[in-house]
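K.L.:
Dropping a structure here in structure tokens format, bear with me for questions.
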Amino acid sequence: MPEPAPGAAHYTVLVADDNEVAQRLCRRVLEKAGHRVLTASDGQEAVNLALANSPDMILMDVAMPGMDGLEAMRQIKTQKPGMMIVIASAHSMASDRERFLAAGADDVLSKPFKLTELTGVVDRLAGHVSSTRPQ
Amino acid sequence: MSPGTPPHRDPEVVGGGSGDRARRLTPLISAGVVALYGLAAVVLGMIWPGGLTPGVAAALLVLLGGVAVTVYVLNRRAEASAAEAERHAAEVERRESLLRMSVDGTEVGLGLVDANGRWLRVNDALAGILGSTELDLQETTLAAVTSADAQPAITGALDSVKAGSRFEADSVQVRPDGSAFPVRIAISSVPANGAGPMFLVEERDVTEAKRAEHVRDALAAVRHAAATSATIDQAAPSILASLATELRWDAAQLWTLDEQGAFRLRNAWRREGDRLAEFERECQAAVVSAAEGAFGRARQSGLPAVDRTITPQTYPALVMAARRGGLNGVLAFPVGATAVIALFAEQAEDQRDDVMTMLATAGSEIGQFMQRAETAEALLRSEADHRAIFERAPMGIARISAEGELVEANTALLQMLEHDLPTLRGQVWPDLLRSYDQAAARARVAPLLAGMSAGDSVQVRAATGGGRWLWLQVTATSIPDDHGRSGHVLVILEDVTRVRDAQDRVAEALEAQKSANADLEKLDRTKTEFLSIVSHEFRTALTGIQGFSELIRDGGLEPDELRAYGGYIFNDAERVNRLIGDMLDLDRMESGRMIFRMADVDINEVLTDAIARAATSTNVEFKPELDPRLPIVTGDRDRLVQVVSNLVNNAVKYSPEGGTVTLSSRAEGEYALITVSDTGLGIPPDEIAHVFERFRRVRTGAATAIAGTGLGLTIVKQIVEMHGGKIWVESAVGHGSAFHFTVPLAAAVVTPAMQLRHA
């Protein structure tokens, strides 16, 4: 694990994505930023890891085999309403963003993303709990 | 016989003058006889031989006395006889006079002819009939006063009539002035008086009777014509011809008032002849004022009127024509209020009353007939109009009785239903009626006839004689009888099939439009989904490319990091390229723009090549089960290679390490059957139906080095089907999957039809 960047908060981030390349990118970027990264390749694994490890934030892909990201988010939010979940999806149309927010996402990160967008959303949200956000 | 004609004294007839002569002769004869006796006695006394003796003298005296007595007696007798004869003669004369009076007094012409037809005696009546005198007639014969045409019959009668028999006939005789006249003649034989046969000829002048008969015949002809004609134009020729011929006119014409109140020639008859033909032609062009001559008088008085001359003053319109026709006399009589019949002749004579009466009657009757005929014609026209409406109406019209029986149907109805009337009446109508009844009952809960009121209308389905099904609009109207009771029902049938079909088509079109809209919506959704999926695929691939290239750009990476990231970027870029290629392929195939280069292909070779290629880069074991006898197939080799490698790659991708991928081939009917099976996880039953859909990927959970585009199986299915083959999958979770596809053998010429059957 690389050294966390000095002066930055260190959070545990669960990256749920069936795409290996995407997983690796997120891991590389977030660990470089000093965060701890957990990875899951499908929805069920994401639910299991989220409930088991209580990450500060989950970066959740939507289109995954078996249980998709939205269902995983629903299950996680049911049990841990305060879990910060950012949907990171290549479904990047405006309607998709609304759809994901309506489904309970705390934020939406559209793929492909600039690396600062990824670190920015983690810095902005990982320290918060979702219950503090206006519903 | 003129009264001054002296009576003919005939020796054979006992004369009336013989008694007078006897009375005058008797004293002379008596004196003569006595004188002769006295002279005889003197002579005897003188010459008596021996002298006159007393005895002789006495004898002489006795003789003389006897003679004297005899003379006296004879004289007395003669005197008595003369008186008797005189009385007898007077009696005969009286009788003959009576007979003569009666013979001459009778209207019947009587005459005696001899065997040669020579007139012996004629009575006054006969002399009058023949326009001659008895003396003149005695110079001629019965045949001579008979018209040439009738002579044979008359002379024949003289030859054939025997005693006791009688010849009687109509004949025509001719007067010395040349005029012919009709007679009723009877010829009978009279007892011969020693001088050969004689014949009694009885004659009656029947001119007047014939004339009256003609008048009666004319009226009868008029009535007959009226009774047997429908229109005045049919009746007129016969009427005019009868009037002219029976009444001896040269031309007869019917003139009717036109709308301007002038007479126009409507019908004409004339005798043969150029002048009369010319007259008629000119009359046809003439306009005769309603007041002109006898025309006007007849019209105003309502009675026949005669003009014996046609003058320019009285007949301004007709005078020229009449003169050309040589016609001077005209008789006109009114025919109803709007017509006259005019009779023209060279000379018009004063008409007898019976003719005038007859003509007035005839005119009145013809007028009534004209009125009747015109009314009838109008009715006929009206009836014809209605009949025409009935027959030519574009809709079917039927009249049905109160019992529901078809009484009549018009042509349109028969054509519409493609039946003849008997069939329609007997078989079809009851069914149609029932269907109407049912329809009516359904629509109005009313039985047919009871429920029929004006304008009731339903649509029923009916089959024509030709087997076509029609929608009929049935409209019923009750026609009350004279008593206002419900009588016949008029049913109007209209073929509304086209309307109904059009309605149906509109409904279908609307449905199709809805469906099309739904399809469009679906297509739109599909397109949106497709775009969404495609963009998702691209963005997913781009996520790695963009992220790692940004890392590289920002620098500070280790060489091995750089190499690894470069590999990720390359793979994703390659994937994007494949994605674009697959999408274009799919689009070309789906739009039919993909060109297949069909040729003979050895499918076993394709399978062997695919195994050789895949085996180098995987740990999966390949097991070929190829039928060496498999005939070659027809196909595009490159595309078939694409199919096989796709299926092989798929099988490898989802196979566990050390799994087995089996490729088999064999002939199956007219097809080669190829199977690519693996020992992987298998496809869940709910996914099997979707494996050939775009971007449907069954994930193994293990990330694979080669990322599929999600279009591979969709493309495979398209290629197989474009070859006329079929693809399907069998799978059991935990045991693996088997993809089967068929390609037609080259030997079997696969027609589109076979493809269809196969599909």
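In the structure tokens, each chain is lettered A, B, ... as it comes, each chain's residues begin at 1, and ligands are numbered from 1 in order of appearance.
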Which of chain A end up as strand (DSSP E) when DSSP is run on this backbone - answer as a ChimeraX atom specification?

P.N.:
/A:12-16,36-40,57-60,84-89,107-110

K.L.:
For chain B against chain A, which residues fall within 6 Å using only C-alpha atoms, given as a compact mmCIF listing (two decimals) with C-alpha atoms, in the first residue's frame?

P.N.:
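Once everything was written out, this is iface22.txt:
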```
# COMPACT_ATOMS: atom_id res chain seq x y z
CA HIS B 536 -22.10 2.61 -21.37
CA ARG B 539 -17.53 4.86 -21.43
CA THR B 540 -16.56 1.78 -19.50
CA LEU B 542 -12.82 4.80 -21.92
CA THR B 543 -12.73 4.93 -18.14
CA GLY B 544 -9.52 2.89 -18.11
CA ARG B 699 -20.53 -13.24 -16.05
```

K.L.:
According to DSSP computed on the backbone, where in region 146-202 of chain B is there helix (DSSP H, G or I)? Give the residues as an NGL selection string.

P.N.:
:B and (148-160)

K.L.:
Under the rule that only C-alpha atoms are counted, which of B:Pro316, B:Pro744, B:Gly293, B:Pro304 is the nearest residue to Arg352 (chain B)?

P.N.:
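Among the listed residues, the smallest separation from Arg352 (chain B) belongs to B:Pro304.
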
K.L.:
Please report the interatomic distance between CA of Ser665 (chain B) and CA of Thr618 (chain B) in Å with one decimal.

P.N.:
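Interatomic distance here is 22.3 Å.
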
K.L.:
Mind giving me the straight-line distance from CA of Ala50 (chain A) to CA of Ala126 (chain A) in Å, one decimal?

P.N.:
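Between these atoms lies a distance of 13.9 Å.
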
K.L.:
To one decimal in Å, tell me the separation between CA of Ala268 (chain B) and CA of Ala244 (chain B).

P.N.:
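Computed distance, CA of Ala268 (chain B) to CA of Ala244 (chain B), equals 10.4 Å.
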